[in-house]
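Chemist: First the structure, then my questions, so here it is.
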Amino acid sequence: MRRYDWLREIRRLDPERDFLRIYRIIATHEFPWDMTRALELALYRTYAVPSIGRLLATTAELTNRTQKRYDDTALLLDAVVEHGFDGEDGRTAIRRINQMHRSYEISNEDMRYVLCTFVVMPKRWLDAYGWRRLTARERHALAVYYRTLGRHMGIAEIPQAYEDFERCLDAYEDAHFGFDEGARRVSDATLDLMAGWYGPLAPVVRGASMALLDDTLLEAFRYEPPKPAVRTAVRTALKLRAKAVRLLPPRRTPHYARQNPEIKGYPNGFRVAELGTFPDRRTGSCPVPHGEGPAAP
């Protein structure tokens with residue numbers, strides 16, 4: 001295989017029909033490390049909306065059981081990527097996500113905003129730090145994939161094209177970003193978790209993570225802005241990494257999030273049906289009749 005063979009395959013696919021195949025190539029062959037970082041940033045970004053950050057602080061899942069919450073979120077989203085919307089584990093993952101969300105009062109607007117972060121932040125991350133940028137066809141497939149996930153989660157008024165997701169995200173952040181003490185605790189716990197993965201390098205990693213946050217996030221959490229030299233060093237290092245990755249051969253076998261070293265809570269394996277929390281077992285079936293949903297490629 002040559003470096004751009006996966007991209008050549010994507011160009012032969014239809015983003016409306018083959019969106020799952022395209023998304024799998026993006027997430028597990030072309031950019032597995034970058035997609036992990038981008039989705040971490042996407043979820044982290046949602047804490048700056050006070051209604052979301054305050055709820056997460058109230059549940060204490062991200063402050064008292066931060067590693068488990070990180071693992072469960074990554075594994076549930078990963079199960080849909082790996083098994084599709086109609087595969088048994090994919091359906092179970094969506095059911096678990098819905099059971100958890102429907103146990104709390106979460107507005108459709110907040111749910112839709114979170115969905116938008118999953119579409120927009122990977123594109124923006126790859127624009128800045130990826131070994132190549134996403135093509136229009138890949139952005140189209142990204143939007144269709146998350147449109148489909150949002151429909152299975154019962155989210156209303158989902159944006160259609162990538163540009164619609166981006167406009168929705170920017171408008172929501174402009175209207176809703178703000179400080180909340182509970183959200184700040186969730187943010188601190190998340191940064192501590194990610195830094196803690198690196199042992200004695202934790203202070204350096206925490207500083208590097210802060211350097212990747214934009215000014216609107218820093219203001220929302222009332223963090224001291226990093227020094228310009230630190231920001232420049234961190235962002236330059238990521239761009240140099242991208243240049244090095246561009247020279248590597250393509251990944252022949254898929255790399256799923258469950259294979260990431262950051263997943264630490266299940267050394268002996270896991271069952272998708274047992275991931276997450278169980279605040280109310282009476283609710284949460286998938287709102288999409290599976291005889292009507294798109295089949296997994």
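Naming works like this for the structure tokens: A, B, ... for the chains as they're shown, residue 1 at the start of each chain, ligands 1 onward in shown order.
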Can you pull out the residues contacting Ile97 (chain A)? Cut-off 10 Å, using only C-alpha atoms, and skip same-chain residues under 2 positions away; I want them as a PDB file with N, CA and C atoms, in the first residue's frame.
Modeler:
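Generated file (part_4.pdb):
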```
ATOM      1  N   ASP A  72     -15.672   4.648  29.418  1.00  0.00           N
ATOM      2  CA  ASP A  72     -17.000   4.251  28.967  1.00  0.00           C
ATOM      3  C   ASP A  72     -17.463   5.082  27.772  1.00  0.00           C
ATOM      4  N   THR A  73     -17.204   6.386  27.814  1.00  0.00           N
ATOM      5  CA  THR A  73     -17.599   7.241  26.697  1.00  0.00           C
ATOM      6  C   THR A  73     -16.872   6.828  25.423  1.00  0.00           C
ATOM      7  N   LEU A  76     -18.136   3.282  24.187  1.00  0.00           N
ATOM      8  CA  LEU A  76     -19.489   3.273  23.623  1.00  0.00           C
ATOM      9  C   LEU A  76     -19.512   3.902  22.233  1.00  0.00           C
ATOM     10  N   LEU A  77     -18.845   5.032  22.074  1.00  0.00           N
ATOM     11  CA  LEU A  77     -18.782   5.650  20.751  1.00  0.00           C
ATOM     12  C   LEU A  77     -18.014   4.758  19.775  1.00  0.00           C
ATOM     13  N   ARG A  91     -25.849  -1.415  18.292  1.00  0.00           N
ATOM     14  CA  ARG A  91     -27.191  -1.132  18.804  1.00  0.00           C
ATOM     15  C   ARG A  91     -27.191  -1.071  20.331  1.00  0.00           C
ATOM     16  N   THR A  92     -26.439  -1.984  20.957  1.00  0.00           N
ATOM     17  CA  THR A  92     -26.361  -1.983  22.418  1.00  0.00           C
ATOM     18  C   THR A  92     -25.723  -0.700  22.921  1.00  0.00           C
ATOM     19  N   ALA A  93     -24.677  -0.237  22.233  1.00  0.00           N
ATOM     20  CA  ALA A  93     -24.012   0.996  22.642  1.00  0.00           C
ATOM     21  C   ALA A  93     -24.964   2.183  22.566  1.00  0.00           C
ATOM     22  N   ILE A  94     -25.719   2.285  21.487  1.00  0.00           N
ATOM     23  CA  ILE A  94     -26.678   3.386  21.354  1.00  0.00           C
ATOM     24  C   ILE A  94     -27.751   3.295  22.437  1.00  0.00           C
ATOM     25  N   ARG A  95     -28.207   2.086  22.728  1.00  0.00           N
ATOM     26  CA  ARG A  95     -29.207   1.911  23.780  1.00  0.00           C
ATOM     27  C   ARG A  95     -28.646   2.363  25.130  1.00  0.00           C
ATOM     28  N   GLN A  99     -30.085   5.351  27.407  1.00  0.00           N
ATOM     29  CA  GLN A  99     -30.522   5.096  28.777  1.00  0.00           C
ATOM     30  C   GLN A  99     -29.919   6.104  29.744  1.00  0.00           C
ATOM     31  N   MET A 100     -28.654   6.395  29.568  1.00  0.00           N
ATOM     32  CA  MET A 100     -27.995   7.345  30.470  1.00  0.00           C
ATOM     33  C   MET A 100     -28.508   8.765  30.258  1.00  0.00           C
ATOM     34  N   HIS A 101     -28.586   9.192  29.009  1.00  0.00           N
ATOM     35  CA  HIS A 101     -29.016  10.563  28.745  1.00  0.00           C
ATOM     36  C   HIS A 101     -30.454  10.812  29.180  1.00  0.00           C
ATOM     37  N   ARG A 102     -31.321   9.826  28.984  1.00  0.00           N
ATOM     38  CA  ARG A 102     -32.735  10.042  29.282  1.00  0.00           C
ATOM     39  C   ARG A 102     -33.056   9.958  30.773  1.00  0.00           C
ATOM     40  N   MET A 153     -30.306   8.768  18.436  1.00  0.00           N
ATOM     41  CA  MET A 153     -30.382   9.271  19.806  1.00  0.00           C
ATOM     42  C   MET A 153     -31.624  10.125  20.028  1.00  0.00           C
ATOM     43  N   LEU A 275     -21.264  -1.180  30.088  1.00  0.00           N
ATOM     44  CA  LEU A 275     -20.546   0.089  30.153  1.00  0.00           C
ATOM     45  C   LEU A 275     -21.469   1.201  30.640  1.00  0.00           C
ATOM     46  N   GLY A 276     -20.870   2.209  31.247  1.00  0.00           N
ATOM     47  CA  GLY A 276     -21.627   3.378  31.670  1.00  0.00           C
ATOM     48  C   GLY A 276     -22.288   3.205  33.019  1.00  0.00           C
ATOM     49  N   THR A 277     -23.248   4.079  33.298  1.00  0.00           N
ATOM     50  CA  THR A 277     -23.980   4.049  34.557  1.00  0.00           C
ATOM     51  C   THR A 277     -25.405   3.581  34.302  1.00  0.00           C
ATOM     52  N   GLY A 284     -34.768   4.367  27.686  1.00  0.00           N
ATOM     53  CA  GLY A 284     -33.589   4.500  26.864  1.00  0.00           C
ATOM     54  C   GLY A 284     -33.478   3.618  25.658  1.00  0.00           C
ATOM     55  N   SER A 285     -34.552   3.071  25.131  1.00  0.00           N
ATOM     56  CA  SER A 285     -34.411   2.311  23.897  1.00  0.00           C
ATOM     57  C   SER A 285     -34.132   3.265  22.745  1.00  0.00           C
ATOM     58  N   CYS A 286     -33.545   2.734  21.702  1.00  0.00           N
ATOM     59  CA  CYS A 286     -33.222   3.564  20.542  1.00  0.00           C
ATOM     60  C   CYS A 286     -34.509   4.021  19.864  1.00  0.00           C
TER      61      CYS A 286
END
```
Chemist: With distances taken over only C-alpha atoms, which of A:Ala48, A:Ile106, A:Ala38, A:Val80 is nearest to Met121 (chain A)?
Modeler: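 Using only C-alpha atoms, Met121 (chain A) sits closest to A:Ala38.
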Chemist: Residues near region 209-221 of chain A, anyone? I mean within 6 Å using only C-alpha atoms, not counting same-chain ones fewer than 4 positions away, as a PyMOL selection string.
Modeler: chain A and resi 48+178-179+184+226+231
Chemist: Tell me which of A:Arg151, A:Arg133, A:Arg54, A:His29 sits closest to Phe85 (chain A), counting only C-alpha atoms.
Modeler: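 Of A:Arg151, A:Arg133, A:Arg54, A:His29, the one nearest Phe85 (chain A), counting only C-alpha atoms, is A:Arg151.
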Chemist: Counting only C-alpha atoms, figure out which residue out of A:Gly84, A:Gly182, A:Pro15, A:Gly90 gets nearest to Ile52 (chain A).
Modeler: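 Selected residue with least distance to Ile52 (chain A): A:Gly182.
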Chemist: I need the residues of region 114-247 of chain A that end up classed as helix (DSSP H, G or I) by DSSP on the backbone, written out as a PyMOL selection string.
Modeler: chain A and resi 114-129+136-152+162-176+181-196+199-211+215-221+228-246
Chemist: Excluding same-chain residues fewer than 4 positions from region 64-67 of chain A, what lies within 12 Å of it counting only C-alpha atoms, as a list in words?
Modeler: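 Residues meeting the cut-off are Leu56, Ala57, Thr58, Thr59, Ala60, Asp71, Asp72, Thr73, Ala74, Arg185, Val186, Ser187, Asp188, Ala189, Thr190, Leu191, Asp192, Leu193, Met194, Ala195, Gly196, Trp197, Glu262, Ile263, Lys264, Gly265, Tyr266, Gly276 and Thr277 of chain A.
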Chemist: Filtering to N, CA and C atoms, could you give me those residues as a PDB file, in the first residue's frame?
Modeler:
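Ended up saving to out30.pdb:
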```pdb
ATOM      1  N   LEU A  56     -22.879  17.628  34.614  1.00  0.00           N
ATOM      2  CA  LEU A  56     -21.799  16.652  34.770  1.00  0.00           C
ATOM      3  C   LEU A  56     -21.190  16.731  36.163  1.00  0.00           C
ATOM      4  N   ALA A  57     -21.104  17.939  36.711  1.00  0.00           N
ATOM      5  CA  ALA A  57     -20.587  18.075  38.073  1.00  0.00           C
ATOM      6  C   ALA A  57     -21.556  17.460  39.081  1.00  0.00           C
ATOM      7  N   THR A  58     -22.860  17.623  38.845  1.00  0.00           N
ATOM      8  CA  THR A  58     -23.868  17.085  39.757  1.00  0.00           C
ATOM      9  C   THR A  58     -23.836  15.567  39.793  1.00  0.00           C
ATOM     10  N   THR A  59     -23.643  14.928  38.641  1.00  0.00           N
ATOM     11  CA  THR A  59     -23.593  13.464  38.616  1.00  0.00           C
ATOM     12  C   THR A  59     -22.336  12.930  39.272  1.00  0.00           C
ATOM     13  N   ALA A  60     -21.277  13.750  39.350  1.00  0.00           N
ATOM     14  CA  ALA A  60     -19.980  13.389  39.947  1.00  0.00           C
ATOM     15  C   ALA A  60     -19.229  12.321  39.159  1.00  0.00           C
ATOM     16  N   ASP A  71     -13.279   6.139  29.885  1.00  0.00           N
ATOM     17  CA  ASP A  71     -13.269   4.836  29.219  1.00  0.00           C
ATOM     18  C   ASP A  71     -14.632   4.509  28.621  1.00  0.00           C
ATOM     19  N   ASP A  72     -15.672   4.648  29.418  1.00  0.00           N
ATOM     20  CA  ASP A  72     -17.000   4.251  28.967  1.00  0.00           C
ATOM     21  C   ASP A  72     -17.463   5.082  27.772  1.00  0.00           C
ATOM     22  N   THR A  73     -17.204   6.386  27.814  1.00  0.00           N
ATOM     23  CA  THR A  73     -17.599   7.241  26.697  1.00  0.00           C
ATOM     24  C   THR A  73     -16.872   6.828  25.423  1.00  0.00           C
ATOM     25  N   ALA A  74     -15.562   6.650  25.521  1.00  0.00           N
ATOM     26  CA  ALA A  74     -14.777   6.270  24.343  1.00  0.00           C
ATOM     27  C   ALA A  74     -15.209   4.918  23.803  1.00  0.00           C
ATOM     28  N   ARG A 185     -14.837  22.464  38.007  1.00  0.00           N
ATOM     29  CA  ARG A 185     -14.354  21.256  38.687  1.00  0.00           C
ATOM     30  C   ARG A 185     -14.238  20.091  37.707  1.00  0.00           C
ATOM     31  N   VAL A 186     -15.209  19.984  36.823  1.00  0.00           N
ATOM     32  CA  VAL A 186     -15.167  18.920  35.812  1.00  0.00           C
ATOM     33  C   VAL A 186     -13.975  19.124  34.882  1.00  0.00           C
ATOM     34  N   SER A 187     -13.740  20.354  34.484  1.00  0.00           N
ATOM     35  CA  SER A 187     -12.603  20.663  33.624  1.00  0.00           C
ATOM     36  C   SER A 187     -11.286  20.316  34.316  1.00  0.00           C
ATOM     37  N   ASP A 188     -11.142  20.722  35.578  1.00  0.00           N
ATOM     38  CA  ASP A 188      -9.914  20.421  36.321  1.00  0.00           C
ATOM     39  C   ASP A 188      -9.687  18.920  36.437  1.00  0.00           C
ATOM     40  N   ALA A 189     -10.753  18.178  36.724  1.00  0.00           N
ATOM     41  CA  ALA A 189     -10.631  16.722  36.871  1.00  0.00           C
ATOM     42  C   ALA A 189     -10.212  16.069  35.558  1.00  0.00           C
ATOM     43  N   THR A 190     -10.755  16.562  34.460  1.00  0.00           N
ATOM     44  CA  THR A 190     -10.410  15.994  33.144  1.00  0.00           C
ATOM     45  C   THR A 190      -8.958  16.278  32.793  1.00  0.00           C
ATOM     46  N   LEU A 191      -8.516  17.504  33.009  1.00  0.00           N
ATOM     47  CA  LEU A 191      -7.122  17.842  32.740  1.00  0.00           C
ATOM     48  C   LEU A 191      -6.180  17.044  33.636  1.00  0.00           C
ATOM     49  N   ASP A 192      -6.555  16.862  34.896  1.00  0.00           N
ATOM     50  CA  ASP A 192      -5.733  16.074  35.813  1.00  0.00           C
ATOM     51  C   ASP A 192      -5.639  14.618  35.371  1.00  0.00           C
ATOM     52  N   LEU A 193      -6.767  14.075  34.891  1.00  0.00           N
ATOM     53  CA  LEU A 193      -6.756  12.699  34.407  1.00  0.00           C
ATOM     54  C   LEU A 193      -5.786  12.546  33.239  1.00  0.00           C
ATOM     55  N   MET A 194      -5.910  13.394  32.237  1.00  0.00           N
ATOM     56  CA  MET A 194      -5.075  13.273  31.045  1.00  0.00           C
ATOM     57  C   MET A 194      -3.606  13.490  31.366  1.00  0.00           C
ATOM     58  N   ALA A 195      -3.320  14.442  32.239  1.00  0.00           N
ATOM     59  CA  ALA A 195      -1.929  14.672  32.632  1.00  0.00           C
ATOM     60  C   ALA A 195      -1.393  13.491  33.445  1.00  0.00           C
ATOM     61  N   GLY A 196      -2.265  12.910  34.277  1.00  0.00           N
ATOM     62  CA  GLY A 196      -1.846  11.808  35.131  1.00  0.00           C
ATOM     63  C   GLY A 196      -1.426  10.559  34.384  1.00  0.00           C
ATOM     64  N   TRP A 197      -1.839  10.424  33.124  1.00  0.00           N
ATOM     65  CA  TRP A 197      -1.419   9.268  32.335  1.00  0.00           C
ATOM     66  C   TRP A 197       0.094   9.239  32.120  1.00  0.00           C
ATOM     67  N   GLU A 262      -4.845   4.831  26.684  1.00  0.00           N
ATOM     68  CA  GLU A 262      -5.562   5.656  27.665  1.00  0.00           C
ATOM     69  C   GLU A 262      -6.755   4.931  28.275  1.00  0.00           C
ATOM     70  N   ILE A 263      -7.227   3.860  27.635  1.00  0.00           N
ATOM     71  CA  ILE A 263      -8.330   3.071  28.196  1.00  0.00           C
ATOM     72  C   ILE A 263      -7.739   2.126  29.223  1.00  0.00           C
ATOM     73  N   LYS A 264      -7.954   2.410  30.494  1.00  0.00           N
ATOM     74  CA  LYS A 264      -7.248   1.693  31.558  1.00  0.00           C
ATOM     75  C   LYS A 264      -8.156   0.895  32.487  1.00  0.00           C
ATOM     76  N   GLY A 265      -9.470   1.073  32.367  1.00  0.00           N
ATOM     77  CA  GLY A 265     -10.360   0.508  33.366  1.00  0.00           C
ATOM     78  C   GLY A 265     -10.807  -0.917  33.122  1.00  0.00           C
ATOM     79  N   TYR A 266     -10.439  -1.500  31.975  1.00  0.00           N
ATOM     80  CA  TYR A 266     -10.940  -2.839  31.645  1.00  0.00           C
ATOM     81  C   TYR A 266      -9.807  -3.746  31.151  1.00  0.00           C
ATOM     82  N   GLY A 276     -20.870   2.209  31.247  1.00  0.00           N
ATOM     83  CA  GLY A 276     -21.627   3.378  31.670  1.00  0.00           C
ATOM     84  C   GLY A 276     -22.288   3.205  33.019  1.00  0.00           C
ATOM     85  N   THR A 277     -23.248   4.079  33.298  1.00  0.00           N
ATOM     86  CA  THR A 277     -23.980   4.049  34.557  1.00  0.00           C
ATOM     87  C   THR A 277     -25.405   3.581  34.302  1.00  0.00           C
TER      88      THR A 277
END
```
Chemist: Find the spatial neighbours of region 233-250 of chain A, counting only C-alpha atoms, within a cut-off of 8 Å - ignore same-chain residues fewer than 5 positions away - and output them as a count of residues only.
Modeler: 16
Chemist: Separation of CA of Asp18 (chain A) and CA of Val119 (chain A), in Å?
Modeler: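 These atoms are spaced 16.8 Å apart.
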